[in-house]
>>> print(open('start39.pdb').read())   # PDB, C-alpha atoms
ATOM      1  CA  MET A   1      10.424  41.107  -8.840
ATOM      2  CA  TYR A   2      11.786  44.039  -6.852
ATOM      3  CA  THR A   3       9.621  44.092  -3.717
ATOM      4  CA  ILE A   4       8.785  41.622  -0.952
ATOM      5  CA  SER A   5       5.245  41.311   0.392
ATOM      6  CA  ALA A   6       4.473  40.261   3.957
ATOM      7  CA  SER A   7       2.739  37.176   2.599
ATOM      8  CA  GLN A   8       5.785  36.114   0.581
ATOM      9  CA  LEU A   9       8.059  36.697   3.558
ATOM     10  CA  GLN A  10       5.792  34.712   5.859
ATOM     11  CA  ASP A  11       5.776  31.759   3.465
ATOM     12  CA  ALA A  12       9.577  31.998   3.271
ATOM     13  CA  LEU A  13       9.851  31.966   7.064
ATOM     14  CA  LEU A  14       7.706  28.842   7.211
ATOM     15  CA  HIS A  15      10.264  27.185   4.940
ATOM     16  CA  VAL A  16      13.055  28.465   7.195
ATOM     17  CA  CYS A  17      11.320  26.826  10.150
ATOM     18  CA  ASP A  18      11.040  23.520   8.305
ATOM     19  CA  VAL A  19      14.731  23.568   7.358
ATOM     20  CA  ILE A  20      15.905  24.342  10.902
ATOM     21  CA  ILE A  21      13.622  21.696  12.393
ATOM     22  CA  ASP A  22      14.847  19.075   9.892
ATOM     23  CA  SER A  23      18.479  20.024  10.621
ATOM     24  CA  GLU A  24      18.258  19.399  14.378
ATOM     25  CA  GLY A  25      20.265  16.174  14.208
ATOM     26  CA  MET A  26      23.103  17.684  12.187
ATOM     27  CA  LEU A  27      23.274  20.802  14.387
ATOM     28  CA  THR A  28      23.217  18.710  17.556
ATOM     29  CA  GLU A  29      26.006  16.474  16.285
ATOM     30  CA  LEU A  30      28.135  19.488  15.382
ATOM     31  CA  ASP A  31      27.538  21.190  18.720
ATOM     32  CA  THR A  32      28.369  17.968  20.549
ATOM     33  CA  ILE A  33      31.850  18.143  19.033
ATOM     34  CA  ILE A  34      32.638  21.768  19.870
ATOM     35  CA  GLY A  35      30.021  22.751  22.446
ATOM     36  CA  ASP A  36      27.442  21.545  24.924
ATOM     37  CA  GLY A  37      25.386  19.659  22.358
ATOM     38  CA  ASP A  38      22.175  21.603  22.918
ATOM     39  CA  HIS A  39      22.215  24.025  19.981
ATOM     40  CA  GLY A  40      20.212  21.860  17.596
ATOM     41  CA  ILE A  41      17.567  21.103  20.199
ATOM     42  CA  GLY A  42      17.269  24.785  21.118
ATOM     43  CA  MET A  43      16.928  25.831  17.487
ATOM     44  CA  LYS A  44      14.324  23.151  16.808
ATOM     45  CA  THR A  45      12.344  24.234  19.870
ATOM     46  CA  GLY A  46      12.389  27.898  18.887
ATOM     47  CA  PHE A  47      11.598  27.441  15.220
ATOM     48  CA  SER A  48       8.894  24.868  15.960
ATOM     49  CA  ALA A  49       7.153  27.495  18.082
ATOM     50  CA  MET A  50       7.629  30.053  15.328
ATOM     51  CA  ARG A  51       6.175  27.634  12.788
ATOM     52  CA  THR A  52       3.075  27.171  14.939
ATOM     53  CA  LEU A  53       2.683  30.950  15.187
ATOM     54  CA  LEU A  54       3.028  31.423  11.433
ATOM     55  CA  GLN A  55       0.540  28.647  10.692
ATOM     56  CA  LYS A  56      -2.083  30.102  13.016
ATOM     57  CA  GLN A  57      -1.909  33.752  11.979
ATOM     58  CA  ARG A  58      -1.330  35.688   8.765
ATOM     59  CA  PHE A  59       0.524  38.974   9.164
ATOM     60  CA  GLU A  60      -0.336  42.009   7.058
ATOM     61  CA  ASP A  61       3.053  43.732   7.240
ATOM     62  CA  ALA A  62       6.689  42.667   7.465
ATOM     63  CA  TYR A  63       7.326  44.722  10.612
ATOM     64  CA  THR A  64       4.784  42.817  12.712
ATOM     65  CA  LEU A  65       5.733  39.492  11.131
ATOM     66  CA  MET A  66       9.406  39.798  12.002
ATOM     67  CA  LYS A  67       8.714  41.295  15.429
ATOM     68  CA  GLU A  68       6.369  38.505  16.504
ATOM     69  CA  SER A  69       8.680  35.849  15.069
ATOM     70  CA  GLY A  70      11.710  37.219  16.904
ATOM     71  CA  MET A  71       9.873  37.623  20.192
ATOM     72  CA  MET A  72       8.712  34.019  19.938
ATOM     73  CA  LEU A  73      12.321  32.833  19.616
ATOM     74  CA  ILE A  74      13.386  34.869  22.641
ATOM     75  CA  LYS A  75      10.438  33.636  24.686
ATOM     76  CA  VAL A  76      10.729  29.942  23.835
ATOM     77  CA  MET A  77      14.459  29.367  23.361
ATOM     78  CA  GLY A  78      15.738  31.406  26.288
ATOM     79  CA  GLY A  79      19.444  31.753  27.004
ATOM     80  CA  THR A  80      22.029  33.348  24.764
ATOM     81  CA  SER A  81      20.903  31.626  21.563
ATOM     82  CA  GLY A  82      17.344  32.821  22.045
ATOM     83  CA  VAL A  83      18.454  36.401  22.538
ATOM     84  CA  ILE A  84      20.884  36.359  19.619
ATOM     85  CA  PHE A  85      18.630  34.674  17.066
ATOM     86  CA  GLY A  86      15.685  36.689  18.332
ATOM     87  CA  THR A  87      17.735  39.847  17.776
ATOM     88  CA  LEU A  88      18.393  38.695  14.211
ATOM     89  CA  PHE A  89      14.649  39.149  13.691
ATOM     90  CA  ILE A  90      13.913  42.230  15.817
ATOM     91  CA  GLY A  91      17.175  44.177  15.795
ATOM     92  CA  GLY A  92      16.504  45.928  12.492
ATOM     93  CA  LEU A  93      12.765  46.492  12.746
ATOM     94  CA  SER A  94      13.012  50.254  12.298
ATOM     95  CA  ALA A  95      13.927  49.638   8.634
ATOM     96  CA  LEU A  96      10.574  47.906   8.068
ATOM     97  CA  LYS A  97       8.302  50.297   9.962
ATOM     98  CA  ASP A  98       5.291  51.479   7.930
ATOM     99  CA  LYS A  99       6.596  49.845   4.736
ATOM    100  CA  ASP A 100       4.465  47.446   2.727
ATOM    101  CA  PRO A 101       5.641  45.948   0.504
ATOM    102  CA  VAL A 102       9.296  45.995   1.525
ATOM    103  CA  THR A 103      11.952  46.799  -1.060
ATOM    104  CA  VAL A 104      15.252  45.002  -1.424
ATOM    105  CA  GLN A 105      16.950  48.115  -0.063
ATOM    106  CA  ASP A 106      14.662  48.096   2.993
ATOM    107  CA  PHE A 107      15.484  44.470   3.717
ATOM    108  CA  ALA A 108      19.208  45.042   3.270
ATOM    109  CA  GLU A 109      19.025  47.871   5.800
ATOM    110  CA  TYR A 110      17.009  45.604   8.105
ATOM    111  CA  ILE A 111      19.717  42.922   8.032
ATOM    112  CA  ASP A 112      22.425  45.549   8.491
ATOM    113  CA  LEU A 113      20.738  46.980  11.585
ATOM    114  CA  SER A 114      20.121  43.497  12.997
ATOM    115  CA  THR A 115      23.796  42.658  12.510
ATOM    116  CA  LYS A 116      24.832  45.802  14.373
ATOM    117  CA  ALA A 117      22.353  45.047  17.162
ATOM    118  CA  ILE A 118      23.826  41.565  17.622
ATOM    119  CA  GLU A 119      27.344  42.989  17.690
ATOM    120  CA  GLN A 120      26.335  45.425  20.411
ATOM    121  CA  ARG A 121      24.248  43.022  22.453
ATOM    122  CA  GLY A 122      26.593  40.060  22.194
ATOM    123  CA  LYS A 123      29.850  42.049  22.401
ATOM    124  CA  VAL A 124      30.988  39.911  19.489
ATOM    125  CA  HIS A 125      33.375  40.542  16.614
ATOM    126  CA  GLN A 126      34.265  38.813  13.374
ATOM    127  CA  GLY A 127      36.759  36.050  14.000
ATOM    128  CA  ASP A 128      35.254  35.039  17.355
ATOM    129  CA  LYS A 129      33.812  31.899  15.688
ATOM    130  CA  THR A 130      30.104  32.596  16.156
ATOM    131  CA  MET A 131      26.970  33.060  14.064
ATOM    132  CA  TYR A 132      28.122  36.671  13.649
ATOM    133  CA  ASP A 133      30.769  35.562  11.142
ATOM    134  CA  ALA A 134      28.106  34.076   8.859
ATOM    135  CA  LEU A 135      25.737  36.991   9.438
ATOM    136  CA  CYS A 136      28.322  39.641   8.568
ATOM    137  CA  ALA A 137      29.157  37.862   5.321
ATOM    138  CA  ALA A 138      25.460  37.590   4.447
ATOM    139  CA  ARG A 139      24.908  41.259   5.293
ATOM    140  CA  ASP A 140      27.835  42.404   3.173
ATOM    141  CA  GLU A 141      26.642  40.464   0.136
ATOM    142  CA  MET A 142      23.062  41.659   0.524
ATOM    143  CA  LEU A 143      24.147  45.275   0.737
ATOM    144  CA  ARG A 144      26.179  44.793  -2.441
ATOM    145  CA  ALA A 145      23.250  43.133  -4.191
ATOM    146  CA  SER A 146      20.675  45.752  -3.173
ATOM    147  CA  GLY A 147      21.397  48.396  -5.775
ATOM    148  CA  GLU A 148      18.703  50.091  -7.797
ATOM    149  CA  GLY A 149      16.725  47.558  -9.834
ATOM    150  CA  ALA A 150      18.003  44.653  -7.747
ATOM    151  CA  ASP A 151      16.110  41.398  -8.217
ATOM    152  CA  VAL A 152      14.706  39.784  -5.066
ATOM    153  CA  SER A 153      15.820  36.284  -6.040
ATOM    154  CA  ALA A 154      19.402  37.363  -6.769
ATOM    155  CA  PHE A 155      19.415  39.443  -3.586
ATOM    156  CA  PHE A 156      18.543  36.534  -1.311
ATOM    157  CA  ARG A 157      20.827  34.189  -3.228
ATOM    158  CA  ALA A 158      23.722  36.576  -2.598
ATOM    159  CA  GLY A 159      22.897  36.572   1.105
ATOM    160  CA  ALA A 160      22.800  32.776   1.225
ATOM    161  CA  GLU A 161      26.130  32.420  -0.557
ATOM    162  CA  GLY A 162      27.675  34.966   1.774
ATOM    163  CA  ALA A 163      26.326  33.229   4.874
ATOM    164  CA  GLU A 164      27.625  29.874   3.679
ATOM    165  CA  ARG A 165      31.092  31.302   3.062
ATOM    166  CA  GLY A 166      30.978  32.986   6.452
ATOM    167  CA  ALA A 167      29.999  29.754   8.173
ATOM    168  CA  GLU A 168      32.780  27.838   6.430
ATOM    169  CA  SER A 169      35.270  30.545   7.419
ATOM    170  CA  THR A 170      34.726  29.590  11.074
ATOM    171  CA  ARG A 171      36.121  26.085  10.495
ATOM    172  CA  PRO A 172      39.817  26.923  11.101
ATOM    173  CA  MET A 173      39.041  29.364  13.932
ATOM    174  CA  MET A 174      39.348  28.780  17.668
ATOM    175  CA  SER A 175      36.303  29.810  19.675
ATOM    176  CA  ARG A 176      36.860  33.014  21.622
ATOM    177  CA  ILE A 177      33.470  33.676  23.146
ATOM    178  CA  GLY A 178      30.543  31.810  24.670
ATOM    179  CA  ARG A 179      30.539  28.327  26.125
ATOM    180  CA  SER A 180      32.410  26.819  23.178
ATOM    181  CA  LYS A 181      35.518  28.823  24.111
ATOM    182  CA  ASN A 182      36.007  26.298  26.916
ATOM    183  CA  PHE A 183      36.757  23.667  24.277
ATOM    184  CA  ARG A 184      39.592  25.767  22.782
ATOM    185  CA  ASP A 185      41.751  23.657  20.390
ATOM    186  CA  LYS A 186      38.937  21.130  20.009
ATOM    187  CA  THR A 187      36.892  23.725  18.137
ATOM    188  CA  VAL A 188      39.493  24.088  15.379
ATOM    189  CA  GLY A 189      38.574  22.177  12.232
ATOM    190  CA  HIS A 190      34.805  22.372  12.730
ATOM    191  CA  PRO A 191      32.419  25.161  11.692
ATOM    192  CA  ASP A 192      30.534  26.949  14.448
ATOM    193  CA  SER A 193      27.046  25.498  14.907
ATOM    194  CA  GLY A 194      25.439  28.938  15.225
ATOM    195  CA  ALA A 195      27.111  30.054  12.006
ATOM    196  CA  VAL A 196      25.831  26.930  10.257
ATOM    197  CA  SER A 197      22.315  27.641  11.550
ATOM    198  CA  THR A 198      22.579  31.177  10.196
ATOM    199  CA  SER A 199      23.619  29.864   6.789
ATOM    200  CA  LEU A 200      20.641  27.486   6.807
ATOM    201  CA  ILE A 201      18.285  30.408   7.490
ATOM    202  CA  PHE A 202      19.622  32.474   4.607
ATOM    203  CA  ARG A 203      19.719  29.510   2.215
ATOM    204  CA  ALA A 204      16.103  28.682   3.043
ATOM    205  CA  LEU A 205      15.108  32.296   2.356
ATOM    206  CA  ALA A 206      16.952  32.167  -0.968
ATOM    207  CA  ASP A 207      15.283  28.896  -1.953
ATOM    208  CA  SER A 208      11.889  30.377  -1.146
ATOM    209  CA  PHE A 209      12.455  33.403  -3.357
ATOM    210  CA  SER A 210      14.167  31.531  -6.190
TER     211      SER A 210
END
>>> encode(input="start39.pdb", output="structure tokens")
Amino acid sequence: MYTISASQLQDALLHVCDVIIDSEGMLTELDTIIGDGDHGIGMKTGFSAMRTLLQKQRFEDAYTLMKESGMMLIKVMGGTSGVIFGTLFIGGLSALKDKDPVTVQDFAEYIDLSTKAIEQRGKVHQGDKTMYDALCAARDEMLRASGEGADVSAFFRAGAEGAERGAESTRPMMSRIGRSKNFRDKTVGHPDSGAVSTSLIFRALADSFS
């Protein structure tokens, strides 16, 4: 399989929503240690609303699917997390415009553009101990796995493995940005909750396309 239909992607996003919702307790516990303790609740709220949207309506193209999903996160979650995770969905939309089905190369470009949009909007860099660390690692692996003839399953698996490594790489870091920076030394030894959420998203996508 070398292309991704809107229907397949929508089903995968429904699985993403289920995983994030089920992980609320773990994400809340982690954010209680190194943050304000509201990350898990915010993610559950946003992805619950997205799940309702995806259950009510079928989307005919990936562009509209990802746009509506991202806008729902921004609308419902609010705050920095809503903007950042919403941008993960809408920041690279130009790569999906007028394309159905989407190729692996299209989706790799989409993730690349979304990563760059988050960097610009959040003024964030690798090593700041944020979701960006996991996202960059996922992006890099997906770009590497998107060569000609790339298999969709292997492509998403590469992204998941990259995101998980990126999330784990935040464990020894000290937070440099956002509210968690106020906890300074306390953040060392624990992975960033946003990075863990990002790894859960990419792993759920990989599981759906396996």
>>> residues_around(input="start39.pdb", residues="range 125-140 of chain A", least_positions_apart="2", cutoff="6 Å", atoms="only C-alpha atoms", output="list in words")
Asp112, Met142, Leu143, Gly159, Gly162, Ala163, Gly166, Ala167, Thr170, Ser175, Arg176, Asp192, Gly194 and Ala195 of chain A
>>> atom_distance(input="start39.pdb", atom1="CA of Ile4 in chain A", atom2="CA of Leu93 in chain A")
15.1 Å
>>> residues_around(input="start39.pdb", residues="Thr64 in chain A", least_positions_apart="5", cutoff="12 Å", atoms="only C-alpha atoms", output="list in words")
Ala6, Ser7, Leu9, Gln10, Leu54, Gln57, Arg58, Phe59, Ser69, Gly70, Met71, Phe89, Ile90, Leu93, Ser94, Leu96, Lys97, Asp98, Lys99 and Asp100 of chain A
>>> write_last_selection(input="start39.pdb", atoms="C-alpha atoms", output="compact mmCIF listing (two decimals), in the frame of the given file")
# COMPACT_ATOMS: atom_id res chain seq x y z
CA ALA A 6 4.47 40.26 3.96
CA SER A 7 2.74 37.18 2.60
CA LEU A 9 8.06 36.70 3.56
CA GLN A 10 5.79 34.71 5.86
CA LEU A 54 3.03 31.42 11.43
CA GLN A 57 -1.91 33.75 11.98
CA ARG A 58 -1.33 35.69 8.76
CA PHE A 59 0.52 38.97 9.16
CA SER A 69 8.68 35.85 15.07
CA GLY A 70 11.71 37.22 16.90
CA MET A 71 9.87 37.62 20.19
CA PHE A 89 14.65 39.15 13.69
CA ILE A 90 13.91 42.23 15.82
CA LEU A 93 12.76 46.49 12.75
CA SER A 94 13.01 50.25 12.30
CA LEU A 96 10.57 47.91 8.07
CA LYS A 97 8.30 50.30 9.96
CA ASP A 98 5.29 51.48 7.93
CA LYS A 99 6.60 49.84 4.74
CA ASP A 100 4.46 47.45 2.73
>>> atom_distance(input="start39.pdb", atom1="CA of Thr52 in chain A", atom2="CA of Met72 in chain A")
10.2 Å
>>> resolve_selection(input="start39.pdb", expression="the PyMOL selection byres ((chain A and resi 204) around 10)", output="number ranges by chain")
A: 12-20, 156-157, 160, 198-203, 205-210
>>> write_last_selection(input="start39.pdb", atoms="C-alpha atoms", output="short mmCIF file (atom, residue, chain, number, x, y, z; two decimals), keeping the file's coordinate frame")
data_model
loop_
_atom_site.label_atom_id
_atom_site.label_comp_id
_atom_site.auth_asym_id
_atom_site.auth_seq_id
_atom_site.Cartn_x
_atom_site.Cartn_y
_atom_site.Cartn_z
CA ALA A 12 9.58 32.00 3.27
CA LEU A 13 9.85 31.97 7.06
CA LEU A 14 7.71 28.84 7.21
CA HIS A 15 10.26 27.18 4.94
CA VAL A 16 13.06 28.46 7.20
CA CYS A 17 11.32 26.83 10.15
CA ASP A 18 11.04 23.52 8.30
CA VAL A 19 14.73 23.57 7.36
CA ILE A 20 15.90 24.34 10.90
CA PHE A 156 18.54 36.53 -1.31
CA ARG A 157 20.83 34.19 -3.23
CA ALA A 160 22.80 32.78 1.23
CA THR A 198 22.58 31.18 10.20
CA SER A 199 23.62 29.86 6.79
CA LEU A 200 20.64 27.49 6.81
CA ILE A 201 18.28 30.41 7.49
CA PHE A 202 19.62 32.47 4.61
CA ARG A 203 19.72 29.51 2.22
CA LEU A 205 15.11 32.30 2.36
CA ALA A 206 16.95 32.17 -0.97
CA ASP A 207 15.28 28.90 -1.95
CA SER A 208 11.89 30.38 -1.15
CA PHE A 209 12.46 33.40 -3.36
CA SER A 210 14.17 31.53 -6.19
#
>>> atom_distance(input="start39.pdb", atom1="CA of Asp38 in chain A", atom2="CA of Gly25 in chain A")
10.4 Å
>>> resolve_selection(input="start39.pdb", expression="the PyMOL selection byres ((chain A and resi 189) around 12)", output="number ranges by chain")
A: 30, 33-34, 129, 168-175, 184-188, 190-192
>>> write_last_selection(input="start39.pdb", atoms="C-alpha atoms", output="mmCIF file, in the coordinates of the input")
data_model
loop_
_atom_site.group_PDB
_atom_site.id
_atom_site.type_symbol
_atom_site.label_atom_id
_atom_site.label_comp_id
_atom_site.auth_asym_id
_atom_site.auth_seq_id
_atom_site.Cartn_x
_atom_site.Cartn_y
_atom_site.Cartn_z
ATOM 1 C CA LEU A 30 28.135 19.488 15.382
ATOM 2 C CA ILE A 33 31.850 18.143 19.033
ATOM 3 C CA ILE A 34 32.638 21.768 19.870
ATOM 4 C CA LYS A 129 33.812 31.899 15.688
ATOM 5 C CA GLU A 168 32.780 27.838 6.430
ATOM 6 C CA SER A 169 35.270 30.545 7.419
ATOM 7 C CA THR A 170 34.726 29.590 11.074
ATOM 8 C CA ARG A 171 36.121 26.085 10.495
ATOM 9 C CA PRO A 172 39.817 26.923 11.101
ATOM 10 C CA MET A 173 39.041 29.364 13.932
ATOM 11 C CA MET A 174 39.348 28.780 17.668
ATOM 12 C CA SER A 175 36.303 29.810 19.675
ATOM 13 C CA ARG A 184 39.592 25.767 22.782
ATOM 14 C CA ASP A 185 41.751 23.657 20.390
ATOM 15 C CA LYS A 186 38.937 21.130 20.009
ATOM 16 C CA THR A 187 36.892 23.725 18.137
ATOM 17 C CA VAL A 188 39.493 24.088 15.379
ATOM 18 C CA HIS A 190 34.805 22.372 12.730
ATOM 19 C CA PRO A 191 32.419 25.161 11.692
ATOM 20 C CA ASP A 192 30.534 26.949 14.448
#
>>> closest_residue(input="start39.pdb", among="A:Ala154, A:Met43, A:Thr3, A:Ala117", to="Asp31 in chain A", atoms="all atoms listed in the file")
A:Met43
>>> closest_residue(input="start39.pdb", among="A:Gly91, A:Gly147, A:Glu68, A:Glu164", to="Val196 in chain A", atoms="all atoms listed in the file")
A:Glu164
>>> closest_residue(input="start39.pdb", among="A:Gly82, A:Pro101, A:Ala49, A:Ala95", to="Leu113 in chain A", atoms="all atoms listed in the file")
A:Ala95
>>> resolve_selection(input="start39.pdb", expression="the PyMOL selection byres ((chain A and resi 79) around 12)", output="list of chain:residue names")
A:Asp38, A:His39, A:Gly42, A:Met43, A:Gly46, A:Leu73, A:Ile74, A:Lys75, A:Val76, A:Met77, A:Gly78, A:Thr80, A:Ser81, A:Gly82, A:Val83, A:Ile84, A:Phe85, A:Gly86, A:Gly122, A:Gly178, A:Arg179
>>> axis_aligned_box(input="start39.pdb", around="range 46-50 of chain A", padding_each_side="6 Å", output="JSON")
{"center_x": 9.8, "center_y": 27.5, "center_z": 17.1, "size_x": 17.2, "size_y": 17.2, "size_z": 15.7}
>>> decode(input="start39.pdb", residues="range 121-145 of chain A", atoms="C-alpha atoms", output="PDB file, in the first residue's frame")
ATOM      1  CA  ARG A 121       4.417  29.889  16.158  1.00  0.00           C
ATOM      2  CA  GLY A 122       5.773  28.545  19.428  1.00  0.00           C
ATOM      3  CA  LYS A 123       9.272  30.048  19.114  1.00  0.00           C
ATOM      4  CA  VAL A 124      10.509  26.631  20.179  1.00  0.00           C
ATOM      5  CA  HIS A 125      13.682  24.698  19.436  1.00  0.00           C
ATOM      6  CA  GLN A 126      14.902  21.156  19.935  1.00  0.00           C
ATOM      7  CA  GLY A 127      16.204  20.697  23.449  1.00  0.00           C
ATOM      8  CA  ASP A 128      13.591  22.974  25.038  1.00  0.00           C
ATOM      9  CA  LYS A 129      11.826  19.867  26.435  1.00  0.00           C
ATOM     10  CA  THR A 130       8.507  20.166  24.607  1.00  0.00           C
ATOM     11  CA  MET A 131       6.363  18.185  22.179  1.00  0.00           C
ATOM     12  CA  TYR A 132       8.584  19.661  19.453  1.00  0.00           C
ATOM     13  CA  ASP A 133      11.385  17.259  20.406  1.00  0.00           C
ATOM     14  CA  ALA A 134       9.159  14.249  19.709  1.00  0.00           C
ATOM     15  CA  LEU A 135       7.677  15.848  16.595  1.00  0.00           C
ATOM     16  CA  CYS A 136      11.058  16.642  15.043  1.00  0.00           C
ATOM     17  CA  ALA A 137      12.214  13.065  15.560  1.00  0.00           C
ATOM     18  CA  ALA A 138       8.999  11.735  14.010  1.00  0.00           C
ATOM     19  CA  ARG A 139       9.324  14.138  11.077  1.00  0.00           C
ATOM     20  CA  ASP A 140      12.929  13.171  10.415  1.00  0.00           C
ATOM     21  CA  GLU A 141      12.127   9.461  10.365  1.00  0.00           C
ATOM     22  CA  MET A 142       9.091   9.940   8.140  1.00  0.00           C
ATOM     23  CA  LEU A 143      11.076  11.959   5.632  1.00  0.00           C
ATOM     24  CA  ARG A 144      13.686   9.194   5.559  1.00  0.00           C
ATOM     25  CA  ALA A 145      11.015   6.536   5.115  1.00  0.00           C
TER      26      ALA A 145
END
